[in-house]
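Asks: One structure coming up, written as structure tokens, with questions to follow.
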Amino acid sequence: MAVLYVPSTNLVGRGCLQELAPFIKDLGFNKALVVTDQFLNQTGIVAKVTEQLEKANADFVIYDQVKPNPTTTNVHNGVNVFKSEDCDFIVSVGGGSPQDAAKGIGLVVTNGGDVRAFEGVNKTVKKAIPTVAINTTAGTSAEYTINYVITDEEREVKMVMVDKNSLVEISVNDPELMVDKPKALTAATGMDALTHAIEAIVTPGAYKITDATALAAVETIFAYLPRAVENGYDIEAREQMAYVMFLAGVAFNNAGLGYVHAMAHQLGGVYDLPHGVCNAMLLPIVERENALRDPKKFPAIARAIGLDIEDKSEKQCADAVIDAITQLSIQVGIPTKLSELGVDEVDLDKLAENAMKDACAPGNPFTPTKQEVIEMFKHIL
């Protein structure tokens, strides 16, 4: 049996933000907590969203203190603002960080307690406060999925929550909100989407629907991500990446992820590094190990990329796929060594131990030992 978790309403495509007001009005709420970051607030992106709230005759208060890797403090401060301002719904504006923070806020408001108690799978009882999620990057799928990640500052751990109660009411993916994003951010979020797609394909939890959406995502990312990185105002490339992020979200939201994410989460928790960059660096390393154990899915991935696989074995297809991923990362400017980002070998034991406890780890095609995880980290140190 397949169970698909998707928001009830999803707006995708150029200009769709301008169609949002009637959908908000239909929800029937009075005052929104707008969860975002200072950059998006200062650059006018948030104002484009609050215009729609005004058209819907909804009041709002802006909470723009979310960090790039949102923390437990961000969540609980947001809860305090929600309650003190008598809000009754949430509007999240941004990439993965505001989206994840908003999920945490929405669940703490309805369930009470500390967000740290929600680490793991389906740890809450009540649905989150109704949320309208406006995405501004093409990669994380955080506005769409039941996953969210919050950093516990005390433990220096990125807590992974997979919770059906965090699903939003409305998701919005308007590429016109993405056109002015920097090259590095475009590259990182695009490679995040690629990681979602490929991990969703190779996981034992995959099935026909998730394979179809993930393979379509792979094809489009290889075709359009370099264009989106090269020219941030290429609206066709931006729109294609918005669609592809949505497809990859369908895939991993319902099939699961694996050790690329399990390891990347630890780098983010300890070093506060960009999640998409960590994923991009780890993806070829982990998939090479996966292919050694179970290469059967790699011919399909190779075909989606557009590689010539005639007369090639599954292992040869896997090698070609991994080479293509590596070349795409280089082309879009992803760093190649963790040492360039300040990662120290002394932390690898802790990183590996925590990766093995990560909620994404069980979705991997094989279960590595701690030493094997350390060796994967070392490969790109």
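In the structure tokens, each chain is lettered A, B, ... as it comes, each chain's residues begin at 1, and ligands are numbered from 1 in order of appearance.
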Write out as an NGL selection string each polymer residue whose atoms come within 9 Å of Ile301 (chain A), counting only C-alpha atoms; drop sequence neighbours fewer than 2 positions from it.
Replies: :A and (198 or 201 or 215 or 218-219 or 297-299 or 303-307 or 317-318 or 321)
Asks: Can you write out as CSV which residues of region 147-247 of chain A fall within 8 Å of region 253-258 of chain A, alongside each residue's closest atom pair and its distance in Å to one decimal, counting only C-alpha atoms and ordering rows by chain and ascending residue number?
Replies:
```
residue,atom,partner,partner_atom,distance
A:Asn147,CA,A:Asn253,CA,7.3
A:His196,CA,A:Leu257,CA,6.8
A:Glu199,CA,A:Leu257,CA,5.1
A:Ala200,CA,A:Leu257,CA,5.6
A:Thr203,CA,A:Leu257,CA,6.6
A:Gly205,CA,A:Ala255,CA,4.9
A:Ala206,CA,A:Ala255,CA,4.8
A:Tyr207,CA,A:Ala255,CA,7.3
A:Thr210,CA,A:Ala255,CA,6.5
```
Asks: Just write the chosen residues, C-alpha atoms, as a compact mmCIF listing (two decimals), in the first residue's frame.
Replies:
```txt
# COMPACT_ATOMS: atom_id res chain seq x y z
CA ASN A 147 10.22 16.67 7.31
CA HIS A 196 16.40 14.31 -2.59
CA GLU A 199 18.21 9.18 -2.41
CA ALA A 200 14.49 8.65 -2.98
CA THR A 203 16.07 3.76 -0.98
CA GLY A 205 11.20 2.55 0.41
CA ALA A 206 10.83 3.68 -3.22
CA TYR A 207 7.85 2.67 -5.33
CA THR A 210 8.18 8.12 -6.21
```
Asks: Could you check which of A:Glu314, A:Asp180, A:Asp358, A:Glu289 is closest to His379 (chain A), using only C-alpha atoms?
Replies: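 Among the listed residues, A:Glu289 lies closest to His379 (chain A).
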Asks: Counting only C-alpha atoms, what is within 9 Å of Asn231 (chain A), bar same-chain residues fewer than 5 positions away, as a short mmCIF file (atom, residue, chain, number, x, y, z; two decimals) with N, CA and C atoms, in the first residue's frame?
Replies:
```cif
data_model
loop_
_atom_site.label_atom_id
_atom_site.label_comp_id
_atom_site.auth_asym_id
_atom_site.auth_seq_id
_atom_site.Cartn_x
_atom_site.Cartn_y
_atom_site.Cartn_z
N VAL A 179 14.14 34.75 -8.67
CA VAL A 179 15.01 35.20 -9.76
C VAL A 179 16.27 35.92 -9.31
N LYS A 183 24.25 33.02 -6.97
CA LYS A 183 24.66 31.77 -7.62
C LYS A 183 24.91 30.66 -6.61
N PRO A 226 22.40 24.27 -14.26
CA PRO A 226 23.51 25.14 -14.70
C PRO A 226 23.02 26.47 -15.26
N ALA A 237 14.51 28.77 -16.65
CA ALA A 237 15.28 27.86 -15.80
C ALA A 237 14.77 27.89 -14.37
#
```
Asks: Using backbone DSSP assignments, extract all helix (DSSP H, G or I) residues from region 165-250 of chain A; output them as a PyMOL selection string.
Replies: chain A and resi 165-166+175-177+183-202+208-230+235-250
Asks: Next, the residues of the selection above should be written as a compact mmCIF listing (two decimals), in the first residue's frame with C-alpha atoms.
Replies:
```
# COMPACT_ATOMS: atom_id res chain seq x y z
CA ASN A 165 1.21 16.63 11.68
CA SER A 166 3.58 19.26 10.26
CA PRO A 175 9.68 31.30 -9.59
CA GLU A 176 9.36 35.08 -9.71
CA LEU A 177 10.35 35.05 -6.02
CA LYS A 183 24.66 31.77 -7.62
CA ALA A 184 25.93 29.94 -4.54
CA LEU A 185 22.45 29.66 -3.04
CA THR A 186 20.96 28.54 -6.36
CA ALA A 187 23.65 25.87 -6.71
CA ALA A 188 23.28 24.61 -3.13
CA THR A 189 19.49 24.38 -3.20
CA GLY A 190 19.50 22.81 -6.66
CA MET A 191 21.95 20.13 -5.56
CA ASP A 192 19.78 19.59 -2.48
CA ALA A 193 16.89 18.79 -4.82
CA LEU A 194 19.11 16.39 -6.78
CA THR A 195 20.06 14.66 -3.53
CA HIS A 196 16.40 14.31 -2.59
CA ALA A 197 15.64 12.72 -5.94
CA ILE A 198 18.54 10.27 -6.03
CA GLU A 199 18.21 9.18 -2.41
CA ALA A 200 14.49 8.65 -2.98
CA ILE A 201 15.28 6.43 -5.97
CA VAL A 202 17.86 4.16 -4.31
CA LYS A 208 6.47 3.49 -8.80
CA ILE A 209 5.04 6.92 -8.00
CA THR A 210 8.18 8.12 -6.21
CA ASP A 211 10.46 6.65 -8.89
CA ALA A 212 8.52 8.47 -11.60
CA THR A 213 8.69 11.87 -9.90
CA ALA A 214 12.31 11.46 -8.78
CA LEU A 215 13.58 10.40 -12.21
CA ALA A 216 11.75 13.33 -13.83
CA ALA A 217 13.44 15.58 -11.27
CA VAL A 218 16.90 14.21 -12.09
CA GLU A 219 16.38 14.80 -15.82
CA THR A 220 15.27 18.40 -15.34
CA ILE A 221 17.95 19.32 -12.79
CA PHE A 222 20.76 18.28 -15.11
CA ALA A 223 19.13 20.26 -17.92
CA TYR A 224 18.29 23.47 -16.06
CA LEU A 225 20.37 23.90 -12.87
CA PRO A 226 23.51 25.14 -14.70
CA ARG A 227 21.35 27.71 -16.50
CA ALA A 228 19.72 28.89 -13.27
CA VAL A 229 23.14 29.25 -11.63
CA GLU A 230 24.70 31.06 -14.59
CA ILE A 235 12.92 32.74 -15.71
CA GLU A 236 12.47 29.55 -17.73
CA ALA A 237 15.28 27.86 -15.80
CA ARG A 238 13.91 29.20 -12.51
CA GLU A 239 10.43 27.89 -13.30
CA GLN A 240 11.73 24.48 -14.29
CA MET A 241 13.71 24.28 -11.04
CA ALA A 242 10.57 25.23 -9.09
CA TYR A 243 8.68 22.37 -10.72
CA VAL A 244 11.55 19.94 -10.23
CA MET A 245 11.89 20.79 -6.55
CA PHE A 246 8.20 19.94 -6.22
CA LEU A 247 8.71 16.59 -7.97
CA ALA A 248 11.69 15.70 -5.80
CA GLY A 249 9.64 16.66 -2.74
CA VAL A 250 6.88 14.24 -3.73
```
Asks: Set the distance at 12 Å and use only C-alpha atoms: which residues neighbour Glu143 (chain A) once local chain neighbours fewer than 6 positions away are removed? I'd like the list as a ChimeraX atom specification.
Replies: /A:6-7,9-12,91-103,131-137,166-173,242,245-246,249-250,253
